[in-house]
Every structure is written in C-alpha cells, then in structure tokens.
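File shown: coords-v4.cif. Contents: mmCIF, C-alpha atoms.
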data_entry
#
loop_
_atom_site.label_atom_id
_atom_site.label_comp_id
_atom_site.auth_asym_id
_atom_site.auth_seq_id
_atom_site.Cartn_x
_atom_site.Cartn_y
_atom_site.Cartn_z
CA MET D 1 23.34 -8.61 -10.89
CA SER D 2 26.79 -7.35 -11.82
CA SER D 3 29.64 -8.14 -9.44
CA ASN D 4 30.92 -4.62 -10.11
CA ILE D 5 28.12 -2.98 -8.12
CA VAL D 6 29.09 -1.97 -4.57
CA TRP D 7 26.70 -0.57 -1.96
CA HIS D 8 27.56 3.01 -1.01
CA GLU D 9 26.72 3.96 2.57
CA ALA D 10 24.68 7.14 3.01
CA SER D 11 26.05 10.05 5.02
CA ILE D 12 22.71 10.50 6.82
CA THR D 13 21.22 7.51 8.62
CA LYS D 14 17.60 6.46 8.80
CA THR D 15 17.70 7.02 12.56
CA GLU D 16 18.94 10.60 12.09
CA ARG D 17 16.15 11.28 9.61
CA ARG D 18 13.54 9.86 11.98
CA THR D 19 14.90 12.00 14.81
CA GLN D 20 14.67 15.13 12.69
CA ASN D 21 11.16 14.26 11.51
CA LYS D 22 10.06 13.32 15.04
CA HIS D 23 8.28 10.15 13.91
CA HIS D 24 8.90 6.56 12.84
CA SER D 25 9.26 5.77 9.13
CA PHE D 26 7.31 2.84 7.77
CA ILE D 27 5.10 1.46 5.02
CA LEU D 28 1.33 1.45 5.39
CA TRP D 29 0.42 -1.11 2.74
CA PHE D 30 -3.26 -0.71 1.82
CA THR D 31 -4.52 -3.84 0.06
CA GLY D 32 -8.02 -4.72 -1.10
CA LEU D 33 -10.27 -5.02 -4.11
CA SER D 34 -10.68 -2.31 -6.72
CA ALA D 35 -13.18 0.29 -5.37
CA SER D 36 -12.73 -0.89 -1.77
CA GLY D 37 -11.49 2.59 -0.85
CA LYS D 38 -7.72 2.10 -0.68
CA SER D 39 -6.74 5.30 -2.48
CA SER D 40 -9.47 7.37 -0.85
CA VAL D 41 -8.47 6.36 2.67
CA ALA D 42 -4.73 6.56 1.95
CA ASN D 43 -5.01 10.10 0.57
CA ALA D 44 -7.31 11.28 3.36
CA PHE D 45 -4.93 9.85 5.94
CA ALA D 46 -1.92 11.40 4.18
CA ARG D 47 -3.63 14.79 4.52
CA THR D 48 -4.10 14.15 8.25
CA LEU D 49 -0.43 13.19 8.63
CA PHE D 50 0.67 16.25 6.66
CA GLU D 51 -1.38 18.55 8.88
CA ARG D 52 0.24 16.94 11.93
CA GLY D 53 3.67 17.75 10.51
CA ASN D 54 4.49 14.16 9.52
CA GLN D 55 6.46 13.46 6.35
CA ALA D 56 4.21 11.20 4.24
CA PHE D 57 3.70 10.27 0.60
CA VAL D 58 1.08 8.17 -1.23
CA LEU D 59 2.05 5.71 -3.93
CA ASP D 60 -1.13 4.93 -5.85
CA GLY D 61 -1.50 1.92 -8.13
CA ASP D 62 -2.91 3.77 -11.13
CA ASN D 63 -0.53 6.70 -10.77
CA VAL D 64 2.56 4.50 -10.63
CA ARG D 65 1.43 2.70 -13.79
CA HIS D 66 1.48 6.04 -15.61
CA GLY D 67 5.25 6.24 -15.12
CA LEU D 68 7.53 3.79 -13.34
CA ASN D 69 5.44 0.74 -14.21
CA ASN D 70 3.92 1.80 -17.53
CA ASP D 71 5.64 -1.15 -19.22
CA LEU D 72 3.72 -3.74 -17.17
CA GLY D 73 0.44 -5.49 -17.93
CA PHE D 74 -1.99 -7.22 -15.58
CA ASP D 75 -1.03 -10.87 -16.01
CA GLU D 76 0.31 -12.63 -12.91
CA VAL D 77 3.99 -12.12 -13.81
CA SER D 78 3.48 -8.39 -14.45
CA ARG D 79 1.50 -7.98 -11.23
CA LYS D 80 4.33 -9.58 -9.26
CA GLU D 81 6.90 -7.27 -10.87
CA ASN D 82 4.63 -4.28 -10.22
CA ILE D 83 4.58 -5.05 -6.50
CA ARG D 84 8.30 -5.87 -6.38
CA ARG D 85 9.18 -2.46 -7.84
CA ILE D 86 6.80 -0.66 -5.49
CA GLY D 87 8.32 -2.53 -2.58
CA GLU D 88 11.79 -1.30 -3.51
CA VAL D 89 10.56 2.29 -3.93
CA SER D 90 8.73 2.06 -0.59
CA LYS D 91 11.91 0.87 1.10
CA LEU D 92 13.67 4.02 -0.14
CA PHE D 93 10.95 6.16 1.44
CA VAL D 94 11.40 4.33 4.74
CA GLU D 95 15.17 4.91 4.56
CA SER D 96 14.49 8.61 3.93
CA GLY D 97 12.57 8.79 7.21
CA GLN D 98 9.12 9.12 5.66
CA ILE D 99 5.80 7.37 6.01
CA VAL D 100 4.81 5.81 2.70
CA LEU D 101 1.19 4.87 2.08
CA THR D 102 0.76 2.42 -0.78
CA ALA D 103 -2.64 1.85 -2.38
CA PHE D 104 -2.37 -1.29 -4.51
CA ILE D 105 -4.74 -4.20 -4.96
CA SER D 106 -1.67 -6.45 -4.55
CA PRO D 107 -3.81 -9.60 -4.79
CA TYR D 108 -1.21 -12.20 -3.83
CA ARG D 109 -0.11 -12.87 -0.25
CA GLN D 110 3.33 -13.99 -1.36
CA ASP D 111 3.99 -10.67 -3.13
CA ARG D 112 3.00 -8.69 -0.05
CA GLN D 113 5.27 -10.93 2.04
CA VAL D 114 8.17 -10.21 -0.33
CA VAL D 115 7.75 -6.48 0.39
CA ARG D 116 7.51 -7.11 4.14
CA GLN D 117 10.85 -8.91 4.00
CA LEU D 118 12.54 -5.98 2.26
CA VAL D 119 12.33 -3.84 5.39
CA GLU D 120 13.03 -4.27 9.08
CA GLU D 121 10.60 -5.54 11.70
CA GLY D 122 7.90 -2.97 12.39
CA GLU D 123 8.44 -1.09 9.13
CA PHE D 124 5.69 -2.82 7.14
CA LEU D 125 2.09 -2.55 8.30
CA GLU D 126 -0.45 -4.38 6.17
CA VAL D 127 -3.81 -2.61 6.15
CA TYR D 128 -6.62 -4.73 4.75
CA VAL D 129 -9.27 -2.46 3.25
CA LYS D 130 -12.13 -4.90 3.64
CA CYS D 131 -15.09 -4.58 1.31
CA SER D 132 -17.11 -7.28 -0.43
CA VAL D 133 -16.88 -7.67 -4.19
CA GLU D 134 -20.63 -7.02 -4.33
CA THR D 135 -20.26 -3.59 -2.71
CA CYS D 136 -17.18 -2.75 -4.76
CA GLU D 137 -19.07 -3.66 -7.91
CA GLN D 138 -21.99 -1.43 -6.88
CA ARG D 139 -19.60 1.48 -6.35
CA ASP D 140 -17.58 0.85 -9.54
CA PRO D 141 -16.36 4.50 -9.86
CA LYS D 142 -14.20 3.75 -12.90
CA GLY D 143 -16.63 1.39 -14.62
CA LEU D 144 -14.08 -1.42 -14.43
CA TYR D 145 -16.37 -4.07 -12.95
CA LYS D 146 -18.86 -3.49 -15.74
CA LYS D 147 -16.09 -3.91 -18.31
CA ALA D 148 -14.85 -7.04 -16.55
CA ARG D 149 -18.35 -8.55 -16.54
CA ASN D 150 -18.56 -7.81 -20.27
CA ALA D 151 -15.20 -9.56 -20.81
CA GLU D 152 -13.64 -6.28 -21.93
CA ILE D 153 -10.97 -6.57 -19.20
CA ALA D 154 -9.06 -9.80 -18.63
CA ASN D 155 -7.49 -10.84 -15.31
CA PHE D 156 -9.68 -8.49 -13.25
CA THR D 157 -9.26 -9.11 -9.53
CA GLY D 158 -12.38 -10.40 -7.84
CA ILE D 159 -14.05 -11.31 -11.14
CA SER D 160 -11.68 -13.24 -13.41
CA ALA D 161 -8.56 -13.21 -11.23
CA PRO D 162 -8.14 -14.14 -7.55
CA TYR D 163 -7.69 -11.93 -4.51
CA GLU D 164 -5.99 -13.49 -1.50
CA GLU D 165 -7.17 -11.78 1.66
CA PRO D 166 -4.49 -11.04 4.27
CA GLU D 167 -4.32 -13.74 6.93
CA HIS D 168 -2.75 -11.60 9.67
CA PRO D 169 -2.92 -7.91 8.71
CA GLU D 170 -1.75 -5.36 11.24
CA PHE D 171 -5.01 -3.49 10.77
CA ILE D 172 -8.40 -3.97 9.10
CA LEU D 173 -10.48 -1.09 7.76
CA ASP D 174 -14.06 -2.10 7.03
CA THR D 175 -15.12 0.42 4.40
CA GLU D 176 -18.56 -1.13 4.08
CA ARG D 177 -19.34 -0.18 7.67
CA TYR D 178 -17.23 2.94 8.19
CA SER D 179 -16.79 6.22 6.36
CA ILE D 180 -13.43 7.49 5.13
CA GLU D 181 -13.36 9.91 8.07
CA ASP D 182 -13.98 7.07 10.52
CA CYS D 183 -11.22 5.00 8.92
CA VAL D 184 -8.78 7.90 9.21
CA GLU D 185 -9.64 8.28 12.90
CA GLN D 186 -9.13 4.54 13.46
CA LEU D 187 -5.72 4.61 11.77
CA THR D 188 -4.67 7.72 13.67
CA SER D 189 -5.55 6.09 17.01
CA PHE D 190 -3.84 2.83 16.07
CA LEU D 191 -0.57 4.46 15.01
CA THR D 192 -0.56 6.91 17.91
CA ASP D 193 -1.00 4.04 20.36
CA LYS D 194 1.93 2.22 18.72
CA GLY D 195 4.08 5.37 19.03
CA TYR D 196 4.60 5.57 15.25
CA ILE D 197 3.21 9.08 14.89
#
Is it possible to give me this structure as structure tokens?
Amino acid sequence: MSSNIVWHEASITKTERRTQNKHHSFILWFTGLSASGKSSVANAFARTLFERGNQAFVLDGDNVRHGLNNDLGFDEVSRKENIRRIGEVSKLFVESGQIVLTAFISPYRQDRQVVRQLVEEGEFLEVYVKCSVETCEQRDPKGLYKKARNAEIANFTGISAPYEEPEHPEFILDTERYSIEDCVEQLTSFLTDKGYI
C-alpha cells in the first residue's frame, strides 16, 4: 500500500446513519453449500426488511462475479480473494447504515473470520444455511452438481473441494426441515429479539 494514501473522515457518521434509519447496520453472512438456499432465503428476507422500512441490500455470489469479481476463478486463492473483496464491500454497507445480506458459499472458516475482523463486534452475524450435500445435489437448480460429478467443473464445493461448516455461527437455518417462509420468520424473530431491527 502506498504511504501517500491518507484516510479521509466522513462528514456523516455510522451512528448518525443508524439513527436516521432507525435500525442497526450489520452483515448477515449466509454460508452453505451450493443449492442450500442461501440466495433464496437472503432475497426473501431482504424483501421482508424492505417492507418493514429497513435499509437492506443483497450481495449474491453469482451476481458479484458478473462484475466486481469477474476476474476471479474458483481455485483456493481466487476464492479467498473473492471473499476478501466482498468483506470490504460489506463493511462499506455497514458504514452506510445498511443491513447487508451476503449469499456466498465461502467454504473456508478462515476467510469468514477475516471478514468478521473487518467490522466491529456485533456487526457480523454468520448464518449457516444447513443442508446436506445429498439434498443439495437432488435440488441442483443450476445443474452444477451434475457437471461436477461428470468432471466438467473442477474445485466444486462439496464434491471435489471442501466445505468447512461454521463452528459457532450466530444462527443456523435448516433448509432441509424448514421452508423459505419459515426461515424468514426465524430470522425476523432472532434479529428483533436482539434489537437489530
């Protein structure tokens, strides 16, 4: 990093933005296997937050790779850089007083921990979207598991690349047992009880 770069303080603080928005700003980090339901739950919950008047935005793994991260592959180094960049973008959303919902496989615990350390205590909530690889493979909405089984996709999480389950997530959503609507209700209750929304 250049020594000629100096941090410029913003004229509006995070606290002021939170006060105006009437809610906490934080990252809801949805992690889980492909087809576990991360994007579906995140988007359904974002709609609920929007209808409540909360400022929220979804960062989706595939969508981000169409733009910001379109130069990255799926090897371990690229995956780490993918999550690092998303962490930095998520931090900006938190500073802007918004709730950011991120839907990324983010298979490595260390990478998720790096993002947690970017923000203050209570601003990173890891949500484990729990679903077995067998069920995810049965769903396979994008046909990716089939391609991975046919060796058409290398480094596919859960098949030819590892997924490290969260050890102490703030919240677990079991999408094998519960519908998207149920998961949204669970998240709403959890965050309301914490005073975040």
Between D:Val114, D:Leu49, D:Val77, D:Leu125, which has the minimum distance to D:Lys194 (counting only C-alpha atoms)?
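Among D:Val114, D:Leu49, D:Val77, D:Leu125, it is D:Leu125 that comes nearest to D:Lys194.
For the pair atom CA of D:Asn70 and atom CA of D:Glu120, the separation is 28.8 Å.
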For a cut-off of 10 Å around (-9.4, -10.8, -12.1), file coordinates, pick out all residues using all atoms listed in the file and list them as an MDAnalysis selection string.
chainID D and resid 33 74:76 107 145 148 153:163
Apply the PyMOL selection byres ((chain D and resi 168-170) around 6) to the displayed file and report the matching residues as a VMD selection string.
chain D and resid 125 to 127 166 to 167 171
Please write as a list in words the full residue list that the PyMOL selection byres ((chain D and resi 131) around 8) yields on this file.
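Those residues are Gly32, Leu33, Ser36, Val129, Lys130, Ser132, Val133, Thr135, Cys136, Asp174, Thr175 and Glu176 of chain D.
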Nearest candidate to D:Thr48 (options D:Glu165, D:Glu185, D:Asp193, D:Asp60; using only C-alpha atoms):
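Counting only C-alpha atoms, the residue closest to D:Thr48 is D:Glu185.
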When the PyMOL selection byres ((chain D and resi 93) around 10) is applied to the file above, which residues end up in the set, as number ranges by chain?
D: 14, 25-27, 55-57, 87-92, 94-101
Between atom CA of D:His23 and atom CA of D:Arg47, what distance in Å does the model show, to one decimal?
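Interatomic distance, atom CA of D:His23 to atom CA of D:Arg47: 15.9 Å.
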Work out where the centre of an axis-aligned box around every listed atom of stretch 143-148 of chain D lies and how long its edges are once 4 Å is added on each side; give both in Å to one decimal as lines of an AutoDock Vina configuration file.
center_x = -16.5
center_y = -2.8
center_z = -15.6
size_x = 12.8
size_y = 16.4
size_z = 13.4
Smallest atom-to-atom distance to D:Arg84: which of D:Val6, D:Ile12, D:Leu118, D:Val58, using all atoms listed in the file?
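Smallest separation from D:Arg84 among the options: D:Leu118.
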Give as a VMD selection string the set of residues within 10 Å of the point (7.3, 12.3, 16.8), where distances use the file's coordinates and all atoms listed in the file.
chain D and resid 18 to 24 52 to 54 192 195 to 197
How far is it from atom CA of D:Ala35 to atom CA of D:Arg139, in Å with one decimal?
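A separation of 6.6 Å between them.
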Residues within 10 Å of D:Phe104, please, as a PyMOL selection string. Count only C-alpha atoms; anything in the same chain fewer than 4 positions from it doesn't count.
chain D and resi 29-34+38-39+59-62+64+82-83+86
Take the selection from the previous step and output its residues with C-alpha atoms, as a PDB file, keeping the file's coordinate frame.
ATOM      1  CA  TRP D  29       0.420  -1.110   2.740  1.00  0.00           C
ATOM      2  CA  PHE D  30      -3.260  -0.710   1.820  1.00  0.00           C
ATOM      3  CA  THR D  31      -4.520  -3.840   0.060  1.00  0.00           C
ATOM      4  CA  GLY D  32      -8.020  -4.720  -1.100  1.00  0.00           C
ATOM      5  CA  LEU D  33     -10.270  -5.020  -4.110  1.00  0.00           C
ATOM      6  CA  SER D  34     -10.680  -2.310  -6.720  1.00  0.00           C
ATOM      7  CA  LYS D  38      -7.720   2.100  -0.680  1.00  0.00           C
ATOM      8  CA  SER D  39      -6.740   5.300  -2.480  1.00  0.00           C
ATOM      9  CA  LEU D  59       2.050   5.710  -3.930  1.00  0.00           C
ATOM     10  CA  ASP D  60      -1.130   4.930  -5.850  1.00  0.00           C
ATOM     11  CA  GLY D  61      -1.500   1.920  -8.130  1.00  0.00           C
ATOM     12  CA  ASP D  62      -2.910   3.770 -11.130  1.00  0.00           C
ATOM     13  CA  VAL D  64       2.560   4.500 -10.630  1.00  0.00           C
ATOM     14  CA  ASN D  82       4.630  -4.280 -10.220  1.00  0.00           C
ATOM     15  CA  ILE D  83       4.580  -5.050  -6.500  1.00  0.00           C
ATOM     16  CA  ILE D  86       6.800  -0.660  -5.490  1.00  0.00           C
TER      17      ILE D  86
END
Here is a test: counting only C-alpha atoms, which residue of D:Glu134, D:Glu9, D:Asp140, D:Glu81 is nearest to D:Ser106?
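Checking each of D:Glu134, D:Glu9, D:Asp140, D:Glu81 against D:Ser106, counting only C-alpha atoms, the winner is D:Glu81.
In terms of minimum interatomic distance to D:Gly122, D:Leu28 ranks closest within D:Ile5, D:Leu187, D:Ala103, D:Leu28, counting all atoms listed in the file.
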Looking at only C-alpha atoms, which of D:Gly37, D:Ser3, D:Glu16, D:Arg109 is the one that sits closest to D:Arg177?
D:Gly37
